[in-house]
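**Q** You'll find entry06.txt just under this line, and it carries compact mmCIF, C-alpha atoms.
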# COMPACT_ATOMS: atom_id res chain seq x y z
CA MET A 6 -9.87 6.28 -20.24
CA LYS A 7 -11.47 3.71 -17.99
CA PHE A 8 -10.51 3.32 -14.34
CA GLY A 9 -11.45 0.50 -11.96
CA VAL A 10 -11.51 0.99 -8.20
CA VAL A 11 -11.23 -2.32 -6.35
CA VAL A 12 -13.42 -2.71 -3.28
CA PHE A 13 -12.34 -5.06 -0.51
CA PRO A 14 -14.37 -5.66 2.64
CA GLY A 15 -13.13 -2.81 4.82
CA SER A 16 -12.02 -0.47 2.03
CA ASN A 17 -13.37 2.98 2.87
CA CYS A 18 -11.74 5.34 0.38
CA ASP A 19 -13.33 3.66 -2.62
CA TYR A 20 -16.09 6.23 -3.06
CA ASP A 21 -13.73 9.21 -2.64
CA THR A 22 -11.39 7.68 -5.21
CA PHE A 23 -14.30 6.99 -7.57
CA HIS A 24 -15.49 10.58 -7.16
CA ALA A 25 -12.03 12.02 -7.84
CA LEU A 26 -11.62 9.96 -10.99
CA GLN A 27 -15.15 10.17 -12.43
CA ASN A 28 -16.42 13.57 -11.35
CA VAL A 29 -13.25 15.59 -10.86
CA MET A 30 -11.01 14.12 -13.55
CA GLY A 31 -13.89 13.24 -15.87
CA GLN A 32 -12.88 9.63 -16.46
CA GLU A 33 -15.19 6.63 -16.86
CA THR A 34 -14.86 4.76 -13.57
CA VAL A 35 -16.24 1.47 -12.27
CA PHE A 36 -16.08 -0.42 -8.99
CA LEU A 37 -14.44 -3.85 -9.04
CA TRP A 38 -15.66 -6.17 -6.29
CA HIS A 39 -12.80 -8.13 -4.71
CA LYS A 40 -14.46 -11.49 -5.32
CA ASP A 41 -14.83 -10.93 -9.08
CA HIS A 42 -12.38 -12.16 -11.67
CA ASN A 43 -13.38 -9.53 -14.20
CA LEU A 44 -11.46 -6.28 -14.54
CA GLN A 45 -14.12 -4.96 -16.94
CA ASN A 46 -11.59 -3.85 -19.54
CA VAL A 47 -10.26 -0.98 -17.46
CA ASP A 48 -7.09 0.83 -18.50
CA CYS A 49 -6.03 1.28 -14.92
CA VAL A 50 -6.69 -0.50 -11.63
CA VAL A 51 -6.73 1.49 -8.41
CA LEU A 52 -6.48 -0.16 -5.00
CA PRO A 53 -8.00 2.42 -2.62
CA GLY A 54 -7.30 3.26 0.99
CA GLY A 55 -9.10 1.85 4.00
CA PHE A 56 -8.86 -1.09 6.34
CA SER A 57 -9.33 -4.16 4.17
CA TYR A 58 -10.13 -7.13 6.39
CA GLY A 59 -9.79 -4.81 9.37
CA ASP A 60 -6.00 -4.79 8.94
CA TYR A 61 -6.17 -8.21 10.59
CA LEU A 62 -2.84 -10.08 10.79
CA ARG A 63 -1.06 -7.22 8.95
CA SER A 64 -2.42 -4.42 6.79
CA GLY A 65 -3.17 -5.85 3.37
CA ALA A 66 -2.00 -9.35 4.36
CA ILE A 67 -5.37 -10.96 3.68
CA ALA A 68 -6.63 -8.73 0.86
CA ARG A 69 -3.64 -9.83 -1.22
CA PHE A 70 -5.30 -13.26 -1.44
CA SER A 71 -8.64 -11.91 -2.66
CA PRO A 72 -9.80 -13.49 -5.96
CA ILE A 73 -9.46 -10.28 -7.96
CA MET A 74 -5.78 -10.00 -7.07
CA SER A 75 -4.90 -12.83 -9.45
CA GLU A 76 -6.39 -10.70 -12.22
CA VAL A 77 -4.59 -7.58 -10.97
CA LYS A 78 -1.29 -9.49 -10.96
CA LYS A 79 -1.79 -10.66 -14.56
CA PHE A 80 -2.83 -7.15 -15.55
CA ALA A 81 0.30 -5.69 -13.96
CA ALA A 82 2.52 -8.38 -15.48
CA SER A 83 1.26 -7.45 -18.94
CA GLY A 84 2.03 -3.78 -18.37
CA GLY A 85 -1.33 -2.55 -17.10
CA LEU A 86 -1.33 0.56 -14.91
CA VAL A 87 -1.91 -0.10 -11.19
CA LEU A 88 -2.10 2.54 -8.45
CA GLY A 89 -2.19 1.59 -4.77
CA ILE A 90 -3.18 4.31 -2.31
CA CYS A 91 -2.42 3.81 1.38
CA ASN A 92 -4.01 0.41 2.15
CA GLY A 93 -3.71 -0.19 -1.58
CA PHE A 94 0.06 0.35 -1.30
CA GLN A 95 0.13 -2.08 1.65
CA ILE A 96 -1.75 -4.68 -0.41
CA LEU A 97 0.66 -4.29 -3.35
CA LEU A 98 3.60 -4.83 -0.98
CA GLU A 99 2.07 -7.92 0.62
CA ALA A 100 1.20 -9.25 -2.85
CA GLY A 101 4.78 -8.79 -3.97
CA LEU A 102 3.81 -6.39 -6.78
CA LEU A 103 6.04 -3.82 -5.11
CA PRO A 104 9.20 -4.56 -3.10
CA GLY A 105 9.64 -3.86 0.62
CA ALA A 106 7.26 -3.85 3.56
CA MET A 107 5.35 -1.54 5.89
CA LEU A 108 6.03 -1.21 9.59
CA ARG A 109 4.08 0.52 12.33
CA ASN A 110 4.67 4.28 12.39
CA LYS A 111 7.84 5.03 14.30
CA ASN A 112 6.13 7.19 16.92
CA LEU A 113 3.29 4.67 17.33
CA LYS A 114 0.66 7.27 16.51
CA PHE A 115 -2.06 7.11 13.90
CA LEU A 116 -1.13 10.07 11.73
CA CYS A 117 -3.96 12.01 10.17
CA GLN A 118 -2.63 15.26 8.72
CA HIS A 119 -1.55 17.11 5.61
CA VAL A 120 2.05 16.47 4.64
CA TYR A 121 4.30 17.67 1.85
CA ILE A 122 5.84 15.25 -0.59
CA ARG A 123 8.39 15.99 -3.24
CA ILE A 124 8.38 14.53 -6.74
CA GLU A 125 11.71 12.73 -7.05
CA ASN A 126 11.07 11.20 -10.46
CA ALA A 127 8.80 13.09 -12.84
CA LYS A 128 9.30 10.64 -15.67
CA THR A 129 6.83 8.02 -14.46
CA ALA A 130 3.29 7.26 -15.56
CA PHE A 131 2.15 8.72 -12.24
CA SER A 132 4.20 11.92 -12.07
CA ASN A 133 4.76 13.15 -15.63
CA SER A 134 2.38 16.08 -15.29
CA GLY A 135 4.58 17.47 -12.53
CA LYS A 136 8.21 18.50 -12.28
CA LYS A 137 11.12 16.97 -10.42
CA GLY A 138 11.42 18.78 -7.11
CA GLN A 139 7.79 19.92 -7.16
CA VAL A 140 6.18 19.93 -3.73
CA LEU A 141 2.67 18.52 -3.32
CA LYS A 142 0.46 19.01 -0.27
CA ILE A 143 -1.49 15.80 0.28
CA PRO A 144 -3.00 14.28 3.45
CA ILE A 145 -1.97 11.04 5.08
CA ALA A 146 -4.06 8.89 7.41
CA HIS A 147 -2.24 5.81 8.58
CA PHE A 148 -0.83 3.81 11.46
CA ASP A 149 1.40 1.52 9.42
CA GLY A 150 3.05 3.80 6.88
CA ASN A 151 6.67 3.30 7.90
CA TYR A 152 8.14 1.98 4.64
CA TYR A 153 10.99 -0.46 5.09
CA ALA A 154 13.46 -1.90 2.60
CA GLU A 155 16.68 -3.76 3.37
CA PRO A 156 19.87 -1.87 2.53
CA GLU A 157 20.47 -3.75 -0.76
CA LEU A 158 16.91 -3.17 -1.93
CA LEU A 159 17.06 0.46 -0.85
CA ALA A 160 20.24 0.99 -2.87
CA GLU A 161 18.56 -0.61 -5.88
CA LEU A 162 15.46 1.58 -5.55
CA GLU A 163 17.65 4.69 -5.42
CA LYS A 164 19.78 3.58 -8.34
CA ASN A 165 16.79 2.72 -10.54
CA GLN A 166 14.96 5.92 -9.57
CA GLN A 167 12.02 3.90 -8.28
CA ILE A 168 11.44 6.34 -5.45
CA VAL A 169 8.80 8.66 -6.84
CA PHE A 170 7.76 10.67 -3.76
CA ARG A 171 9.58 11.60 -0.57
CA TYR A 172 8.24 13.32 2.54
CA CYS A 173 9.59 16.88 2.72
CA ASP A 174 8.85 20.22 4.34
CA GLU A 175 6.83 22.90 2.55
CA LYS A 176 10.03 24.21 0.95
CA GLY A 177 10.82 20.79 -0.49
CA ARG A 178 13.62 19.97 1.91
CA VAL A 179 13.78 16.25 2.68
CA THR A 180 14.35 16.42 6.43
CA GLU A 181 14.03 14.00 9.32
CA GLU A 182 11.35 16.21 10.82
CA ALA A 183 9.28 15.95 7.66
CA ASN A 184 9.47 12.17 7.88
CA VAL A 185 6.53 11.78 10.23
CA ASN A 186 6.30 7.99 10.13
CA GLY A 187 9.96 6.97 10.01
CA SER A 188 10.06 5.54 6.48
CA VAL A 189 13.56 4.74 5.23
CA HIS A 190 14.93 7.60 3.14
CA ASN A 191 11.64 9.51 3.65
CA ILE A 192 9.98 7.30 1.06
CA ALA A 193 6.31 8.18 0.50
CA GLY A 194 5.78 6.40 -2.81
CA ILE A 195 7.60 3.95 -5.06
CA VAL A 196 7.18 2.44 -8.48
CA ASN A 197 8.14 -1.03 -9.64
CA ARG A 198 11.08 -1.65 -11.92
CA GLU A 199 8.87 -1.64 -15.02
CA GLY A 200 7.22 1.62 -13.99
CA ASN A 201 3.59 0.53 -14.28
CA VAL A 202 2.76 -0.14 -10.63
CA LEU A 203 2.94 2.63 -8.04
CA GLY A 204 2.18 2.65 -4.35
CA MET A 205 1.91 5.78 -2.22
CA MET A 206 0.84 6.34 1.37
CA PRO A 207 -0.66 9.86 0.97
CA HIS A 208 -4.19 10.17 -0.44
CA PRO A 209 -4.30 12.07 -3.76
CA GLU A 210 -8.08 11.61 -3.92
CA ARG A 211 -8.32 13.72 -0.75
CA ALA A 212 -6.38 16.53 -2.41
CA SER A 213 -8.23 16.81 -5.68
CA GLU A 214 -10.51 19.75 -4.99
CA LYS A 215 -9.77 23.23 -3.60
CA ILE A 216 -12.53 22.83 -1.03
CA LEU A 217 -10.54 19.96 0.53
CA GLY A 218 -7.52 22.20 1.11
CA SER A 219 -5.35 21.15 -1.81
CA GLU A 220 -5.67 20.16 -5.45
CA ASP A 221 -2.14 18.80 -5.67
CA GLY A 222 -3.40 15.22 -5.82
CA ARG A 223 -4.60 15.91 -9.37
CA VAL A 224 -0.97 15.84 -10.51
CA ILE A 225 -0.97 12.07 -9.97
CA PHE A 226 -4.28 11.46 -11.69
CA GLN A 227 -3.50 13.78 -14.59
CA SER A 228 -0.16 12.04 -15.10
CA MET A 229 -1.92 8.69 -15.34
CA ILE A 230 -4.41 10.07 -17.84
CA ASN A 231 -1.58 11.59 -19.89
CA TYR A 232 0.28 8.29 -19.91
CA LEU A 233 -2.79 6.22 -20.84
CA GLU A 234 -3.93 8.60 -23.58
CA LYS A 235 -0.48 8.67 -25.07
CA LYS A 236 -0.27 4.89 -24.90
CA SER A 237 -3.64 4.34 -26.56
CA GLY A 238 -3.12 7.12 -29.10
CA SER A 239 -0.08 5.40 -30.52
CA ARG A 240 -1.86 2.10 -31.01
CA LYS A 241 -5.47 2.93 -31.81
CA LYS A 242 -7.10 5.47 -34.08
CA LYS A 243 -8.23 8.39 -31.98
CA THR A 244 -12.01 8.08 -31.51
CA THR A 245 -14.22 10.95 -30.45
CA ARG A 246 -14.35 10.81 -26.69
CA PRO A 247 -17.68 11.45 -24.96
CA SER A 248 -17.76 14.85 -23.32
CA ARG A 249 -16.92 14.99 -19.64
CA PRO A 250 -19.79 13.37 -17.74
CA ALA A 251 -21.85 15.61 -15.48
CA VAL A 252 -21.30 15.13 -11.78
CA SER A 253 -23.31 12.00 -11.16
CA PRO A 254 -24.55 10.39 -7.98
CA LEU A 255 -22.34 7.44 -7.13
CA PRO A 256 -23.70 4.03 -8.06
CA PRO A 257 -24.91 1.91 -5.18
CA LEU A 258 -22.36 -0.79 -4.53
CA ILE A 259 -24.91 -3.01 -2.78
CA GLU A 260 -26.13 -4.47 -6.09
CA THR A 261 -22.82 -6.15 -6.75
CA PHE A 262 -22.78 -8.15 -3.52
CA MET B 25 -2.39 -31.97 16.82
CA LYS B 26 -1.73 -28.44 18.07
CA VAL B 27 1.15 -26.36 16.80
CA ARG B 28 2.38 -23.07 18.24
CA ILE B 29 4.01 -20.60 15.87
CA LEU B 30 5.90 -17.57 17.14
CA VAL B 31 6.31 -14.66 14.76
CA SER B 32 8.55 -11.74 15.58
CA LEU B 33 10.27 -8.89 13.80
CA LYS B 34 13.74 -9.62 12.44
CA PRO B 35 16.49 -8.24 14.70
CA SER B 36 17.45 -5.64 12.09
CA VAL B 37 13.97 -4.10 12.14
CA LEU B 38 13.02 -1.34 14.57
CA ASP B 39 10.39 -2.41 17.10
CA PRO B 40 8.93 0.73 18.71
CA GLN B 41 6.22 -1.26 20.48
CA GLY B 42 8.82 -3.43 22.17
CA GLN B 43 10.79 -0.35 23.12
CA THR B 44 7.71 1.30 24.58
CA VAL B 45 7.06 -1.78 26.70
CA ARG B 46 10.68 -1.78 27.85
CA ASN B 47 10.48 1.88 28.83
CA ALA B 48 7.25 1.25 30.72
CA LEU B 49 8.93 -1.59 32.63
CA HIS B 50 11.82 0.72 33.49
CA THR B 51 9.36 3.29 34.78
CA LEU B 52 7.87 0.59 36.99
CA GLY B 53 11.28 -0.08 38.46
CA TYR B 54 12.41 -3.13 36.49
CA LYS B 55 15.72 -1.54 35.55
CA SER B 56 17.35 -4.85 34.75
CA VAL B 57 15.16 -5.34 31.68
CA LYS B 58 17.59 -4.75 28.82
CA ASP B 59 15.38 -5.15 25.80
CA VAL B 60 11.88 -6.22 24.78
CA ARG B 61 10.75 -7.41 21.35
CA GLN B 62 7.06 -7.86 20.72
CA GLY B 63 5.72 -10.63 18.49
CA LYS B 64 2.69 -12.75 17.77
CA VAL B 65 1.60 -16.23 18.81
CA PHE B 66 -0.54 -18.45 16.56
CA GLU B 67 -1.95 -21.74 17.76
CA VAL B 68 -2.92 -23.91 14.84
CA GLU B 69 -4.89 -27.10 15.28
CA LEU B 70 -4.35 -29.73 12.58
CA GLU B 71 -6.66 -32.62 11.68
CA GLU B 72 -3.77 -35.01 11.06
CA PRO B 73 -1.95 -36.40 14.09
CA GLU B 74 1.19 -37.00 11.98
CA ARG B 75 4.30 -34.95 12.67
CA SER B 76 5.23 -35.22 8.99
CA GLU B 77 2.05 -33.36 8.05
CA ALA B 78 2.93 -30.52 10.40
CA GLU B 79 6.50 -30.38 9.13
CA LYS B 80 5.14 -30.09 5.60
CA ILE B 81 2.52 -27.41 5.94
CA ILE B 82 3.38 -25.32 8.99
CA PRO B 83 6.49 -23.69 7.50
CA GLU B 84 4.47 -22.99 4.34
CA ILE B 85 1.59 -21.40 6.24
CA ALA B 86 3.99 -19.39 8.35
CA ASP B 87 6.03 -18.17 5.39
CA LYS B 88 3.08 -17.40 3.10
CA VAL B 89 0.54 -15.96 5.50
CA LEU B 90 1.37 -15.72 9.19
CA ALA B 91 4.67 -13.90 8.78
CA ASN B 92 5.89 -11.33 6.31
CA PRO B 93 9.30 -12.85 5.49
CA ILE B 94 10.72 -9.45 4.58
CA ILE B 95 10.45 -8.17 8.13
CA GLU B 96 9.51 -11.14 10.29
CA LYS B 97 10.95 -14.49 11.31
CA PHE B 98 9.17 -17.44 12.86
CA THR B 99 9.71 -20.55 14.92
CA TRP B 100 7.25 -23.33 15.61
CA GLU B 101 6.77 -26.33 17.86
CA ILE B 102 4.22 -29.04 18.47
CA ILE B 103 2.50 -28.41 21.77
CA GLU B 104 -0.06 -31.21 21.73
CA ASP B 105 -0.09 -34.46 19.78
With the file now loaded, output its structure as structure tokens.
**A**
Amino acid sequence: MKFGVVVFPGSNCDYDTFHALQNVMGQETVFLWHKDHNLQNVDCVVLPGGFSYGDYLRSGAIARFSPIMSEVKKFAASGGLVLGICNGFQILLEAGLLPGAMLRNKNLKFLCQHVYIRIENAKTAFSNSGKKGQVLKIPIAHFDGNYYAEPELLAELEKNQQIVFRYCDEKGRVTEEANVNGSVHNIAGIVNREGNVLGMMPHPERASEKILGSEDGRVIFQSMINYLEKKSGSRKKKTTRPSRPAVSPLPPLIETF
Amino acid sequence: MKVRILVSLKPSVLDPQGQTVRNALHTLGYKSVKDVRQGKVFEVELEEPERSEAEKIIPEIADKVLANPIIEKFTWEIIED
């Protein structure tokens, strides 16, 4: 399957995300420059972490107006798979592709640490390779990760099972202590009503290889691959896929400027 | 024409920065400070001198860009014609 990692000025997790998808998960991956209007026929768009536009005004508030976002919106509206990681989640919220908003972390600290999240809904395109209740160890690195939704919206998210990940302790208990940033209902990741757009604050690309301390992030990527392969298998004839590409040096992004 | 727009968090939203400032003021001895809410000030200069132009575009700018309507509210006033 083909993945596209959008690069905004200030994105800094684009290369890690590219590496996780192309070299670790073995998927064809391309960079998508924020000024382009071409999604290059990808099956999935990933908005990576970082500090797009320096987090000026509000995190993601300016990136949501980048030219490529009009394409991402159309892609999402037609059912395309979109994953927003950290700043990517913030951009999806500001763009209205996901409901709710982000506030400054409750304790006013930039949190940079491993956390545990629990899979609340394992039936989504982003969590199907895991099990409900499964605990994943994935790092966070954010200042504005305090997810907020008004009571009515919160009730709707719970009812529709749109909450995909919640902060928990290592035993999977959803406690106040495990909620390091103050998000309502310990929400770490949500999906839209249609199920094709997901935003999460933790960084799965930073938990995709044992050497990084956890491989649990692969659950998210594998789920997406499962979903996309199943989706394409039912519509197209199965073609022979190229064998997993060897670990390749990352393409220089400079050329696309 | 210059317009000043004030953006602040809605009352129902927790403002830890404001609370931190309030606590600092208490520490300094200003015990009568009951509450502090922190916001943002934008000063926008418009080409047009017409009030009608400001009334048309300022609320739009504030709602679309300057504030996140889910968590923030805004007020605005003309400060210079």
**Q** Give me the residues within 6 Å of Ala183 in chain A as a ChimeraX atom specification, counting all atoms listed in the file and dropping any in the same chain fewer than 5 places off.
**A** /A:172-174
**Q** Would you list the contacts of range 96-101 of chain B as a PyMOL selection string, taking every protein, DNA or RNA residue within 12 Å and counting all atoms listed in the file, but skipping same-chain residues closer than 2 positions in sequence?
**A** (chain A and resi 63+106-108+153) or (chain B and resi 25-39+61-69+75+78-79+81-94+103-105)
**Q** Record the distance separating CA of Phe8 in chain A and CA of Phe226 in chain A, expressed in Å with one decimal.
**A** 10.6 Å
**Q** Excluding Tyr58 in chain A and any residue of its chain fewer than 2 positions from it, enumerate the residues within 10 Å of it, using all atoms listed in the file, and give them as an MDAnalysis selection string.
**A** chainID A and resid 13:16 55:56 60:68
**Q** Mind giving me the straight-line distance from CA of Tyr152 in chain A to CA of Met206 in chain A in Å, one decimal?
**A**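 Separation between CA of Tyr152 in chain A and CA of Met206 in chain A: 9.1 Å.
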**Q** State, in Å with one decimal place, the distance from CA of Ser76 in chain B to CA of Ile102 in chain B.
**A**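 Value for the CA of Ser76 in chain B-CA of Ile102 in chain B distance: 11.4 Å.
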**Q** Nearest to Lys111 in chain A among B:Thr44, B:Tyr54, B:Lys80, B:Asp59, with distances taken over all atoms listed in the file: which residue is it?
**A**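 Once distances to Lys111 in chain A are computed over all atoms listed in the file, the minimum belongs to B:Thr44.
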**Q** Neighbouring residues of Ile143 in chain A were defined as those with any atom within 12 Å, considering only C-alpha atoms; residues of the same chain fewer than 2 positions away were excluded. Please report them as number ranges by chain.
**A** A: 90, 117-123, 140-141, 145-146, 170-175, 193, 205-215, 217-225
**Q** Given all atoms listed in the file as the basis, pick out the residue of B:Ile95, B:Pro73, B:Arg46, B:Val57 nearest to chain A.
**A**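 For chain A, the nearest of the candidates is B:Ile95.
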**Q** Contacts of Pro72 in chain A at 8 Å or less, counting only C-alpha atoms, minus same-chain residues fewer than 3 places along, as a VMD selection string?
**A** chain A and resid 39 to 42 75 to 76
**Q** Quick test: take range 55-74 of chain A, keep N, CA and C atoms, and write it as a short mmCIF file (atom, residue, chain, number, x, y, z; two decimals), in the first residue's frame.
**A**
data_model
loop_
_atom_site.label_atom_id
_atom_site.label_comp_id
_atom_site.auth_asym_id
_atom_site.auth_seq_id
_atom_site.Cartn_x
_atom_site.Cartn_y
_atom_site.Cartn_z
N GLY A 55 5.36 17.38 15.23
CA GLY A 55 6.30 18.48 15.05
C GLY A 55 5.71 19.78 15.53
N PHE A 56 6.21 20.85 14.97
CA PHE A 56 5.76 22.19 15.36
C PHE A 56 5.46 23.00 14.11
N SER A 57 4.46 22.57 13.35
CA SER A 57 4.13 23.26 12.11
C SER A 57 3.88 24.73 12.40
N TYR A 58 4.53 25.58 11.59
CA TYR A 58 4.41 27.03 11.78
C TYR A 58 4.75 27.44 13.21
N GLY A 59 5.66 26.70 13.83
CA GLY A 59 6.13 27.06 15.16
C GLY A 59 5.06 27.02 16.21
N ASP A 60 3.93 26.37 15.94
CA ASP A 60 2.79 26.39 16.88
C ASP A 60 2.29 27.82 17.09
N TYR A 61 2.60 28.70 16.12
CA TYR A 61 2.15 30.08 16.26
C TYR A 61 0.64 30.17 16.31
N LEU A 62 0.12 31.11 17.06
CA LEU A 62 -1.33 31.31 17.25
C LEU A 62 -1.88 30.17 18.10
N ARG A 63 -1.98 28.99 17.56
CA ARG A 63 -2.33 27.76 18.32
C ARG A 63 -1.73 26.61 17.50
N SER A 64 -1.41 25.54 18.17
CA SER A 64 -0.84 24.38 17.47
C SER A 64 -1.76 23.94 16.34
N GLY A 65 -1.24 23.92 15.15
CA GLY A 65 -2.02 23.44 14.00
C GLY A 65 -2.97 24.46 13.41
N ALA A 66 -3.08 25.64 14.04
CA ALA A 66 -4.06 26.64 13.60
C ALA A 66 -3.76 27.21 12.22
N ILE A 67 -2.47 27.25 11.86
CA ILE A 67 -2.12 27.82 10.56
C ILE A 67 -1.93 26.72 9.52
N ALA A 68 -1.38 25.59 9.93
CA ALA A 68 -1.17 24.46 9.02
C ALA A 68 -2.49 24.00 8.40
N ARG A 69 -3.58 24.17 9.14
CA ARG A 69 -4.87 23.70 8.63
C ARG A 69 -5.26 24.45 7.35
N PHE A 70 -4.65 25.62 7.11
CA PHE A 70 -4.95 26.39 5.92
C PHE A 70 -3.95 26.14 4.79
N SER A 71 -3.00 25.23 5.01
CA SER A 71 -2.02 24.93 3.96
C SER A 71 -2.74 24.36 2.74
N PRO A 72 -2.22 24.68 1.52
CA PRO A 72 -2.87 24.21 0.29
C PRO A 72 -3.22 22.73 0.28
N ILE A 73 -2.32 21.88 0.75
CA ILE A 73 -2.59 20.45 0.64
C ILE A 73 -3.78 20.01 1.50
N MET A 74 -4.15 20.81 2.48
CA MET A 74 -5.25 20.40 3.35
C MET A 74 -6.59 20.33 2.62
#
